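Okay, model.cif is below, mmCIF, C-alpha atoms and all ligand atoms:
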```cif
data_query
loop_
_atom_site.label_atom_id
_atom_site.label_comp_id
_atom_site.auth_asym_id
_atom_site.auth_seq_id
_atom_site.Cartn_x
_atom_site.Cartn_y
_atom_site.Cartn_z
CA MET C 1078 -3.46 8.07 -20.86
CA SER C 1079 -4.58 4.48 -20.61
CA THR C 1080 -8.14 3.37 -21.35
CA LEU C 1081 -8.24 2.00 -17.84
CA LYS C 1082 -11.57 2.22 -16.05
CA VAL C 1083 -11.12 4.54 -13.05
CA VAL C 1084 -13.53 6.16 -10.63
CA SER C 1085 -13.14 9.68 -9.26
CA SER C 1086 -12.01 10.10 -5.65
CA LYS C 1087 -15.49 11.43 -4.88
CA LEU C 1088 -17.09 8.25 -6.23
CA ALA C 1089 -14.46 6.12 -4.46
CA ALA C 1090 -15.46 7.78 -1.20
CA GLU C 1091 -19.14 7.05 -1.94
CA ILE C 1092 -18.28 3.39 -2.65
CA ASP C 1093 -16.43 3.17 0.67
CA LYS C 1094 -19.31 4.80 2.52
CA GLU C 1095 -21.81 2.30 1.11
CA LEU C 1096 -19.54 -0.71 1.67
CA MET C 1097 -19.16 0.25 5.32
CA GLY C 1098 -22.75 1.47 5.63
CA PRO C 1099 -25.64 -0.30 7.45
CA GLN C 1100 -26.93 -2.18 4.37
CA ILE C 1101 -23.64 -3.94 3.58
CA GLY C 1102 -21.89 -3.56 6.89
CA PHE C 1103 -18.26 -4.21 6.10
CA THR C 1104 -15.98 -2.95 8.87
CA LEU C 1105 -12.90 -0.95 7.95
CA GLN C 1106 -10.85 -3.69 9.62
CA GLN C 1107 -12.25 -6.28 7.21
CA LEU C 1108 -11.50 -4.11 4.15
CA MET C 1109 -8.03 -3.27 5.47
CA GLU C 1110 -7.24 -6.95 6.04
CA LEU C 1111 -8.20 -7.83 2.47
CA ALA C 1112 -6.39 -4.76 1.13
CA GLY C 1113 -3.17 -5.50 3.04
CA PHE C 1114 -3.40 -9.17 2.05
CA SER C 1115 -3.70 -8.22 -1.64
CA VAL C 1116 -0.64 -5.95 -1.42
CA ALA C 1117 1.34 -8.83 0.14
CA GLN C 1118 0.23 -11.04 -2.74
CA ALA C 1119 1.38 -8.43 -5.26
CA VAL C 1120 4.84 -8.33 -3.60
CA CYS C 1121 5.03 -12.13 -3.90
CA ARG C 1122 3.94 -11.99 -7.54
CA GLN C 1123 6.44 -9.28 -8.39
CA PHE C 1124 9.35 -10.45 -6.17
CA PRO C 1125 8.95 -14.24 -5.83
CA LEU C 1126 11.23 -16.06 -3.37
CA ARG C 1127 10.89 -19.46 -5.08
CA GLY C 1128 14.20 -20.55 -6.57
CA LYS C 1129 16.05 -17.57 -5.10
CA THR C 1130 19.40 -17.89 -3.28
CA GLU C 1131 19.53 -17.72 0.53
CA THR C 1132 21.00 -14.22 0.25
CA GLU C 1133 18.07 -13.08 -1.89
CA LYS C 1134 15.64 -14.73 0.53
CA GLY C 1135 17.28 -12.91 3.45
CA LYS C 1136 16.63 -9.48 1.95
CA HIS C 1137 14.17 -7.20 3.73
CA VAL C 1138 10.86 -5.89 2.49
CA PHE C 1139 10.88 -2.38 3.98
CA VAL C 1140 7.31 -1.27 4.73
CA ILE C 1141 6.84 2.44 5.47
CA ALA C 1142 3.49 3.01 7.19
CA GLY C 1143 1.82 6.42 7.37
CA PRO C 1144 -0.53 7.73 10.05
CA GLY C 1145 -3.83 6.77 8.40
CA ASN C 1146 -5.54 3.75 6.88
CA ASN C 1147 -3.04 3.56 4.03
CA GLY C 1148 -0.51 2.96 6.80
CA GLY C 1149 -2.87 0.36 8.27
CA ASP C 1150 -2.78 -1.49 4.96
CA GLY C 1151 1.01 -1.55 5.25
CA LEU C 1152 0.91 -3.02 8.77
CA VAL C 1153 -1.45 -5.78 7.58
CA CYS C 1154 0.69 -6.37 4.48
CA ALA C 1155 3.84 -6.83 6.61
CA ARG C 1156 2.15 -9.49 8.75
CA HIS C 1157 1.09 -11.50 5.65
CA LEU C 1158 4.57 -11.12 4.09
CA LYS C 1159 6.07 -12.67 7.23
CA LEU C 1160 3.71 -15.64 6.91
CA PHE C 1161 4.68 -15.95 3.23
CA GLY C 1162 8.35 -16.35 4.25
CA TYR C 1163 9.56 -12.79 3.57
CA ASN C 1164 11.65 -10.66 5.89
CA PRO C 1165 9.57 -7.52 6.50
CA ILE C 1166 10.68 -4.55 8.56
CA VAL C 1167 8.14 -1.81 9.32
CA PHE C 1168 9.01 1.87 9.71
CA TYR C 1169 6.07 3.53 11.46
CA PRO C 1170 7.23 7.05 12.28
CA LYS C 1171 3.94 8.52 13.48
CA ARG C 1172 1.61 6.18 15.33
CA SER C 1173 -1.76 7.75 15.90
CA GLU C 1174 -2.61 7.07 19.51
CA ARG C 1175 -6.29 7.65 18.86
CA THR C 1176 -7.03 4.42 17.01
CA GLU C 1177 -6.97 1.27 19.12
CA PHE C 1178 -6.99 -0.85 15.97
CA TYR C 1179 -3.63 0.42 14.76
CA LYS C 1180 -2.14 -0.50 18.16
CA GLN C 1181 -3.54 -4.03 17.77
CA LEU C 1182 -1.93 -4.28 14.33
CA VAL C 1183 1.42 -3.35 15.91
CA HIS C 1184 0.89 -5.94 18.67
CA GLN C 1185 0.33 -8.55 15.94
CA LEU C 1186 3.60 -7.51 14.27
CA ASN C 1187 5.42 -7.90 17.59
CA PHE C 1188 3.75 -11.31 17.95
CA PHE C 1189 5.15 -12.24 14.52
CA LYS C 1190 8.58 -10.80 15.50
CA VAL C 1191 8.43 -8.23 12.70
CA PRO C 1192 10.60 -5.26 13.75
CA VAL C 1193 8.61 -2.00 13.94
CA LEU C 1194 10.91 1.05 13.92
CA SER C 1195 9.65 4.37 15.23
CA GLN C 1196 10.95 7.75 14.23
CA ASP C 1197 13.45 8.34 17.01
CA GLU C 1198 15.01 4.91 16.78
CA GLU C 1199 18.18 4.11 14.95
CA ASN C 1200 18.51 5.71 11.56
CA TRP C 1201 15.91 4.03 9.31
CA LEU C 1202 18.11 4.65 6.28
CA GLU C 1203 20.54 2.07 7.64
CA TYR C 1204 18.00 -0.55 6.58
CA LEU C 1205 17.61 0.81 3.08
CA LYS C 1206 20.63 -0.60 1.34
CA PRO C 1207 19.93 -1.91 -2.21
CA GLU C 1208 21.97 -5.05 -1.48
CA LYS C 1209 19.84 -5.78 1.61
CA THR C 1210 16.37 -4.64 0.50
CA LEU C 1211 14.12 -6.53 -1.90
CA CYS C 1212 11.60 -3.68 -2.24
CA ILE C 1213 9.96 -0.84 -0.31
CA VAL C 1214 6.21 -0.87 0.37
CA ASP C 1215 4.93 2.72 0.23
CA ALA C 1216 2.00 2.72 2.66
CA ILE C 1217 2.48 6.35 3.72
CA PHE C 1218 -0.47 8.20 2.18
CA GLY C 1219 -3.38 7.01 0.09
CA PHE C 1220 -6.36 8.98 -1.21
CA SER C 1221 -6.57 11.45 1.70
CA PHE C 1222 -3.20 13.14 1.14
CA LYS C 1223 -3.50 16.94 1.07
CA PRO C 1224 -0.34 18.84 0.05
CA PRO C 1225 2.02 20.31 1.13
CA MET C 1226 3.60 17.29 2.79
CA ARG C 1227 4.51 17.82 6.42
CA GLU C 1228 7.54 16.35 8.23
CA PRO C 1229 8.66 13.73 8.97
CA PHE C 1230 7.07 12.46 5.75
CA LYS C 1231 8.56 15.13 3.47
CA GLY C 1232 12.07 14.08 4.43
CA ILE C 1233 11.18 10.40 4.09
CA VAL C 1234 9.67 10.84 0.61
CA ASP C 1235 12.69 12.91 -0.51
CA GLU C 1236 14.95 10.01 0.52
CA LEU C 1237 12.71 7.50 -1.30
CA CYS C 1238 12.90 9.59 -4.46
CA LYS C 1239 16.70 9.38 -4.30
CA LEU C 1240 16.61 5.59 -3.79
CA GLN C 1241 13.84 4.55 -6.13
CA ASP C 1242 16.10 3.78 -9.09
CA ARG C 1243 18.01 1.27 -6.99
CA ILE C 1244 15.24 -0.18 -4.79
CA PRO C 1245 11.79 -0.83 -6.34
CA ILE C 1246 8.84 0.83 -4.61
CA VAL C 1247 5.43 -0.87 -4.31
CA SER C 1248 2.83 1.88 -3.74
CA VAL C 1249 -0.39 1.05 -1.89
CA ASP C 1250 -3.48 2.53 -3.58
CA VAL C 1251 -1.93 5.92 -4.49
CA PRO C 1252 1.79 6.72 -4.92
CA THR C 1253 2.51 8.82 -1.82
CA GLY C 1254 2.49 12.53 -2.56
CA TRP C 1255 0.36 12.18 -5.67
CA ASP C 1256 -3.05 13.81 -5.87
CA VAL C 1257 -5.62 11.02 -6.06
CA ASP C 1258 -7.20 12.62 -9.15
CA GLU C 1259 -4.45 14.80 -10.69
CA GLY C 1260 -1.50 12.45 -10.18
CA PRO C 1261 2.07 13.68 -9.44
CA ILE C 1262 1.63 17.38 -8.61
CA SER C 1263 4.69 18.05 -6.41
CA HIS C 1264 8.28 17.24 -7.30
CA PRO C 1265 10.26 15.20 -6.69
CA SER C 1266 7.55 12.56 -6.64
CA ILE C 1267 7.59 8.82 -6.14
CA ASN C 1268 7.55 6.85 -9.39
CA PRO C 1269 6.67 3.33 -8.16
CA ALA C 1270 7.79 0.08 -9.82
CA VAL C 1271 4.44 -1.38 -8.74
CA LEU C 1272 1.08 0.23 -7.96
CA VAL C 1273 -1.62 -1.80 -6.19
CA SER C 1274 -4.89 0.08 -6.65
CA LEU C 1275 -7.41 -0.93 -3.97
CA THR C 1276 -11.05 -1.68 -4.76
CA VAL C 1277 -10.88 0.21 -8.07
CA PRO C 1278 -8.11 2.29 -9.71
CA LYS C 1279 -8.24 6.03 -9.03
CA PRO C 1280 -7.71 8.69 -11.74
CA CYS C 1281 -4.08 9.21 -10.63
CA SER C 1282 -3.33 5.67 -11.85
CA THR C 1283 -3.70 6.90 -15.44
CA TYR C 1284 -0.49 8.90 -14.87
CA ILE C 1285 1.75 5.92 -14.18
CA GLY C 1286 4.27 5.07 -16.89
CA GLU C 1287 2.99 1.74 -18.17
CA LYS C 1288 6.53 0.64 -19.09
CA HIS C 1289 7.95 1.53 -15.70
CA THR C 1290 5.07 0.66 -13.35
CA THR C 1291 3.34 -2.72 -13.08
CA HIS C 1292 -0.26 -2.04 -12.11
CA TYR C 1293 -2.42 -4.42 -10.07
CA VAL C 1294 -5.90 -4.00 -8.68
CA GLY C 1295 -6.50 -5.55 -5.25
CA GLY C 1296 -9.05 -5.32 -2.46
CA ARG C 1297 -11.34 -8.03 -3.81
CA PHE C 1298 -14.61 -7.39 -2.02
CA ILE C 1299 -17.15 -6.14 -4.58
CA PRO C 1300 -19.88 -8.20 -6.30
CA ARG C 1301 -20.79 -7.66 -9.95
CA ASP C 1302 -24.06 -5.79 -9.44
CA PHE C 1303 -22.40 -3.34 -7.04
CA ALA C 1304 -19.58 -2.69 -9.56
CA ASN C 1305 -22.11 -2.16 -12.37
CA LYS C 1306 -24.10 0.21 -10.18
CA TYR C 1307 -20.99 2.40 -9.98
CA GLY C 1308 -20.32 2.14 -13.68
CA PHE C 1309 -17.50 -0.35 -13.89
CA GLU C 1310 -17.12 -4.00 -14.71
CA PRO C 1311 -15.90 -6.20 -11.86
CA PHE C 1312 -12.26 -7.15 -12.30
CA GLY C 1313 -11.63 -10.61 -13.70
CA TYR C 1314 -9.73 -12.02 -10.72
CA GLU C 1315 -8.72 -15.62 -11.31
CA TYR C 1316 -9.65 -18.41 -8.90
CA THR C 1317 -8.59 -17.42 -5.37
CA ASP C 1318 -6.29 -14.59 -6.53
CA GLN C 1319 -6.60 -11.38 -4.49
CA ILE C 1320 -4.95 -9.32 -7.23
CA LEU C 1321 -5.30 -8.86 -10.98
CA LYS C 1322 -2.57 -7.41 -13.19
CA LEU C 1323 -4.06 -4.60 -15.32
N1 LIG E 1401 -11.93 3.05 2.15
C1 LIG E 1401 -11.69 1.83 1.73
O1 LIG E 1401 -12.46 1.13 1.09
C2 LIG E 1401 -10.39 1.31 2.07
C3 LIG E 1401 -9.35 2.21 2.35
N2 LIG E 1401 -8.16 1.72 2.62
C4 LIG E 1401 -6.98 2.57 2.67
O2 LIG E 1401 -7.28 3.79 3.28
C5 LIG E 1401 -6.60 4.82 2.54
C6 LIG E 1401 -7.19 6.14 2.89
O3 LIG E 1401 -6.98 6.21 4.29
P1 LIG E 1401 -7.17 7.59 5.08
O4 LIG E 1401 -8.45 8.21 4.63
O5 LIG E 1401 -6.94 7.31 6.50
O6 LIG E 1401 -6.05 8.53 4.52
P2 LIG E 1401 -4.50 8.31 4.23
O7 LIG E 1401 -4.03 7.07 4.88
O8 LIG E 1401 -4.37 8.51 2.77
O9 LIG E 1401 -3.82 9.57 4.95
C7 LIG E 1401 -4.48 10.22 5.94
C8 LIG E 1401 -3.48 10.60 7.02
O10 LIG E 1401 -2.42 11.34 6.45
C9 LIG E 1401 -2.33 12.62 7.08
N3 LIG E 1401 -1.99 13.61 6.06
C10 LIG E 1401 -2.74 14.00 5.01
N4 LIG E 1401 -2.07 14.93 4.28
C11 LIG E 1401 -0.88 15.13 4.90
C12 LIG E 1401 0.25 15.96 4.64
N5 LIG E 1401 0.25 16.82 3.62
N6 LIG E 1401 1.32 15.88 5.46
C13 LIG E 1401 1.30 15.05 6.54
N7 LIG E 1401 0.26 14.23 6.86
C14 LIG E 1401 -0.81 14.29 6.03
C15 LIG E 1401 -3.71 12.85 7.69
O11 LIG E 1401 -3.58 13.64 8.83
C16 LIG E 1401 -4.14 11.45 8.05
O12 LIG E 1401 -3.62 11.05 9.30
C17 LIG E 1401 -6.77 4.38 1.12
O13 LIG E 1401 -5.86 5.02 0.26
C18 LIG E 1401 -6.50 2.88 1.25
O14 LIG E 1401 -5.12 2.61 1.18
C19 LIG E 1401 -7.97 0.34 2.93
O15 LIG E 1401 -7.59 0.31 4.27
C20 LIG E 1401 -9.13 -0.55 2.86
C21 LIG E 1401 -10.21 -0.13 2.02
K K E 1402 0.75 4.97 -0.72
#
```
Render the structure in this file as structure tokens.
Ligand SMILES: NC(=O)C1=CN([C@@H]2O[C@H](COP(=O)(O)OP(=O)(O)OC[C@H]3O[C@@H](n4cnc5c(N)ncnc54)[C@H](O)[C@@H]3O)[C@@H](O)[C@H]2O)[C@@H](O)CC1
Ligand SMILES: [K+]
Amino acid sequence: MSTLKVVSSKLAAEIDKELMGPQIGFTLQQLMELAGFSVAQAVCRQFPLRGKTETEKGKHVFVIAGPGNNGGDGLVCARHLKLFGYNPIVFYPKRSERTEFYKQLVHQLNFFKVPVLSQDEENWLEYLKPEKTLCIVDAIFGFSFKPPMREPFKGIVDELCKLQDRIPIVSVDVPTGWDVDEGPISHPSINPAVLVSLTVPKPCSTYIGEKHTTHYVGGRFIPRDFANKYGFEPFGYEYTDQILKL
């Protein structure tokens, strides 16, 4: 177990509530934009294009977006990756019709000519060839996952577990399928090459293998006194960085 400062999922929910409450007034869209932006920055830090061959630069970043806000982070991340010169493809199997904002995020991806595959389209696995894929962004479930995993996500996660030794996975906030507090409770489970904890690491992040998983914190939107109020030191982000390697 690392000595990493984490907050319980209950406290994380309280932090969110206050950040988006009347006193502070962040909107979810603002937090999601910063969160998705920080994940894109972590992909760049971990898989830089500078100095790479044209073939390397042509590889896809395969973003799998779930039905909730973790998925929203993935949609935002894909847009920023495109601007950074990457080749993102989004697989968005279940689009919740109820949230207008998610539809706008998909419109923006169309605007940026980022392909967005839905479930019934051509076989998504065709895009997941190690020689063609730089990494996978796991934006399926975050801290609201409640087992057992329902289809189509169970099948998707099973495939990812088979591939993860050949294609690195970057998990957004919580490795999909892990319990936010208890960590990997069902098997097989995703064992990400990179974890980007948002706002503040959750208890599950103490279960990552420090040799196997590079851990970043992102979602840079908390001032010092607010962090102290919730019992943790603000993260020492450098300059304009949106991520900090832990
Ligand atoms: N609250 C915050 O401060 C922020 C939260 N953000 C993101 O929001 C995430 C949490 O978002 P949500 O609360 O929407 O939850 P998630 O995105 O973790 O997942 C919720 C969705 O998954 C479905 N689901 C849950 N368990 C399932 C199962 N067993 N099988 C199939 N579907 C299942 C639910 O029906 C729901 O649609 C965080 O992990 C983080 O990535 C960021 O967008 C920005 C900042
Ligand atoms: K995730």
As a quick test: using only C-alpha atoms and all ligand atoms, which residues lie no more than 6 Å away from ligand LIG 1401 (chain E)? Give them as a PDB file with C-alpha atoms, in the frame of the given file.
```pdb
ATOM      1  CA  ASP C1093     -16.430   3.170   0.670  1.00  0.00           C
ATOM      2  CA  LEU C1108     -11.500  -4.110   4.150  1.00  0.00           C
ATOM      3  CA  MET C1109      -8.030  -3.270   5.470  1.00  0.00           C
ATOM      4  CA  ALA C1112      -6.390  -4.760   1.130  1.00  0.00           C
ATOM      5  CA  PRO C1144      -0.530   7.730  10.050  1.00  0.00           C
ATOM      6  CA  GLY C1145      -3.830   6.770   8.400  1.00  0.00           C
ATOM      7  CA  ASN C1146      -5.540   3.750   6.880  1.00  0.00           C
ATOM      8  CA  ASN C1147      -3.040   3.560   4.030  1.00  0.00           C
ATOM      9  CA  GLY C1148      -0.510   2.960   6.800  1.00  0.00           C
ATOM     10  CA  ASP C1150      -2.780  -1.490   4.960  1.00  0.00           C
ATOM     11  CA  PHE C1218      -0.470   8.200   2.180  1.00  0.00           C
ATOM     12  CA  GLY C1219      -3.380   7.010   0.090  1.00  0.00           C
ATOM     13  CA  PHE C1220      -6.360   8.980  -1.210  1.00  0.00           C
ATOM     14  CA  SER C1221      -6.570  11.450   1.700  1.00  0.00           C
ATOM     15  CA  PHE C1222      -3.200  13.140   1.140  1.00  0.00           C
ATOM     16  CA  LYS C1223      -3.500  16.940   1.070  1.00  0.00           C
ATOM     17  CA  PRO C1224      -0.340  18.840   0.050  1.00  0.00           C
ATOM     18  CA  PRO C1225       2.020  20.310   1.130  1.00  0.00           C
ATOM     19  CA  MET C1226       3.600  17.290   2.790  1.00  0.00           C
ATOM     20  CA  ARG C1227       4.510  17.820   6.420  1.00  0.00           C
ATOM     21  CA  VAL C1249      -0.390   1.050  -1.890  1.00  0.00           C
ATOM     22  CA  ASP C1250      -3.480   2.530  -3.580  1.00  0.00           C
TER      23      ASP C1250
END
```
Cut-off 12 Å: closest chain C/ligand K 1402 (chain E) atom pairs per residue, using all atoms listed in the file, as a tab-separated table:
```
residue	atom	partner	partner_atom	distance
C:Gly1113	CA	E:K1402	K	11.8
C:Val1116	CA	E:K1402	K	11.0
C:Val1140	CA	E:K1402	K	10.6
C:Ile1141	CA	E:K1402	K	9.0
C:Ala1142	CA	E:K1402	K	8.6
C:Gly1143	CA	E:K1402	K	8.3
C:Pro1144	CA	E:K1402	K	11.2
C:Gly1145	CA	E:K1402	K	10.4
C:Asn1146	CA	E:K1402	K	9.9
C:Asn1147	CA	E:K1402	K	6.2
C:Gly1148	CA	E:K1402	K	7.9
C:Gly1149	CA	E:K1402	K	10.7
C:Asp1150	CA	E:K1402	K	9.3
C:Gly1151	CA	E:K1402	K	8.8
C:Ile1213	CA	E:K1402	K	10.9
C:Val1214	CA	E:K1402	K	8.1
C:Asp1215	CA	E:K1402	K	4.8
C:Ala1216	CA	E:K1402	K	4.2
C:Ile1217	CA	E:K1402	K	5.0
C:Phe1218	CA	E:K1402	K	4.5
C:Gly1219	CA	E:K1402	K	4.7
C:Phe1220	CA	E:K1402	K	8.2
C:Ser1221	CA	E:K1402	K	10.1
C:Phe1222	CA	E:K1402	K	9.3
C:Phe1230	CA	E:K1402	K	11.7
C:Val1234	CA	E:K1402	K	10.8
C:Ile1246	CA	E:K1402	K	9.9
C:Val1247	CA	E:K1402	K	8.3
C:Ser1248	CA	E:K1402	K	4.8
C:Val1249	CA	E:K1402	K	4.2
C:Asp1250	CA	E:K1402	K	5.7
C:Val1251	CA	E:K1402	K	4.7
C:Pro1252	CA	E:K1402	K	4.7
C:Thr1253	CA	E:K1402	K	4.4
C:Gly1254	CA	E:K1402	K	8.0
C:Trp1255	CA	E:K1402	K	8.8
C:Asp1256	CA	E:K1402	K	10.9
C:Val1257	CA	E:K1402	K	10.3
C:Ser1266	CA	E:K1402	K	11.8
C:Ile1267	CA	E:K1402	K	9.5
C:Asn1268	CA	E:K1402	K	11.2
C:Pro1269	CA	E:K1402	K	9.6
C:Val1271	CA	E:K1402	K	10.9
C:Leu1272	CA	E:K1402	K	8.7
C:Val1273	CA	E:K1402	K	9.0
C:Ser1274	CA	E:K1402	K	9.5
C:Leu1275	CA	E:K1402	K	10.6
C:Cys1281	CA	E:K1402	K	11.8
C:Ser1282	CA	E:K1402	K	11.9
```
Just give me the gap between atom CA of Phe1188 of chain C and atom CA of Leu1152 of chain C in Å, one decimal is fine.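 Taking atom CA of Phe1188 of chain C and atom CA of Leu1152 of chain C, their separation equals 12.7 Å.
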Of the candidates C:Lys1129, C:His1137, C:Arg1297, C:Arg1122, which shows the shortest atom-to-atom distance to Glu1203 of chain C, using all atoms listed in the file?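 That would be C:His1137, the residue with the smallest distance to Glu1203 of chain C.
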Put the listed atoms of segment 1149-1152 of chain C in a box along x, y and z with 4 Å added on every side and give me the centre and edge lengths in Å to one decimal, as AutoDock Vina command-line options.
```
--center_x -0.9 --center_y -1.3 --center_z 6.9 --size_x 11.9 --size_y 11.4 --size_z 11.8
```
Using all atoms listed in the file, which protein or nucleic acid residues come within 10 Å of segment 1159-1161 of chain C? Drop anything in the same chain fewer than 3 positions from it, and give the result as a short mmCIF file (atom, residue, chain, number, x, y, z; two decimals) with C-alpha atoms, in the frame of the given file.
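Here's the written file around-v9.cif:
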```cif
data_model
loop_
_atom_site.label_atom_id
_atom_site.label_comp_id
_atom_site.auth_asym_id
_atom_site.auth_seq_id
_atom_site.Cartn_x
_atom_site.Cartn_y
_atom_site.Cartn_z
CA ALA C 1117 1.34 -8.83 0.14
CA GLN C 1118 0.23 -11.04 -2.74
CA CYS C 1121 5.03 -12.13 -3.90
CA LEU C 1126 11.23 -16.06 -3.37
CA VAL C 1138 10.86 -5.89 2.49
CA CYS C 1154 0.69 -6.37 4.48
CA ALA C 1155 3.84 -6.83 6.61
CA ARG C 1156 2.15 -9.49 8.75
CA ASN C 1164 11.65 -10.66 5.89
CA PRO C 1165 9.57 -7.52 6.50
CA ILE C 1166 10.68 -4.55 8.56
CA LEU C 1186 3.60 -7.51 14.27
CA PHE C 1189 5.15 -12.24 14.52
CA LYS C 1190 8.58 -10.80 15.50
CA VAL C 1191 8.43 -8.23 12.70
#
```
Which value, in Å to one decimal, gives the distance between atom CA of Glu1133 of chain C and atom CA of Leu1202 of chain C? 19.5 Å
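Excluding Lys1288 of chain C itself and any same-chain residue fewer than 2 positions from it, the protein and nucleic acid residues within 12 Å of it, counting only C-alpha atoms, are Ser1079, Asn1268, Pro1269, Ala1270, Val1271, Tyr1284, Ile1285, Gly1286, Thr1290, Thr1291 and His1292 of chain C.
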Please report the interatomic distance between atom CA of Ile1320 of chain C and atom CA of Val1183 of chain C in Å with one decimal.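 One can read the atom CA of Ile1320 of chain C to atom CA of Val1183 of chain C distance as 24.7 Å.
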Counting all atoms listed in the file, note down every residue that has an atom within 9 Å of the point (19.8, -5.5, 1.8) (file coordinates), as a ChimeraX atom specification. /C:1132-1133,1135-1138,1204-1211
Atoms to include: C-alpha atoms. Write the selected residues as a short mmCIF file (atom, residue, chain, number, x, y, z; two decimals), keeping the file's coordinate frame.
```
data_model
loop_
_atom_site.label_atom_id
_atom_site.label_comp_id
_atom_site.auth_asym_id
_atom_site.auth_seq_id
_atom_site.Cartn_x
_atom_site.Cartn_y
_atom_site.Cartn_z
CA THR C 1132 21.00 -14.22 0.25
CA GLU C 1133 18.07 -13.08 -1.89
CA GLY C 1135 17.28 -12.91 3.45
CA LYS C 1136 16.63 -9.48 1.95
CA HIS C 1137 14.17 -7.20 3.73
CA VAL C 1138 10.86 -5.89 2.49
CA TYR C 1204 18.00 -0.55 6.58
CA LEU C 1205 17.61 0.81 3.08
CA LYS C 1206 20.63 -0.60 1.34
CA PRO C 1207 19.93 -1.91 -2.21
CA GLU C 1208 21.97 -5.05 -1.48
CA LYS C 1209 19.84 -5.78 1.61
CA THR C 1210 16.37 -4.64 0.50
CA LEU C 1211 14.12 -6.53 -1.90
#
```
Could you check which of C:Glu1095, C:Glu1110, C:Glu1174, C:Asp1235 is closest to Ile1299 of chain C, using only C-alpha atoms?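 Looking only at the distances to Ile1299 of chain C, the closest residue turns out to be C:Glu1095.
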C:Phe1114, C:Phe1139, C:Tyr1293, C:Phe1309 ranked by distance to Leu1323 of chain C, top pick (using only C-alpha atoms): C:Tyr1293
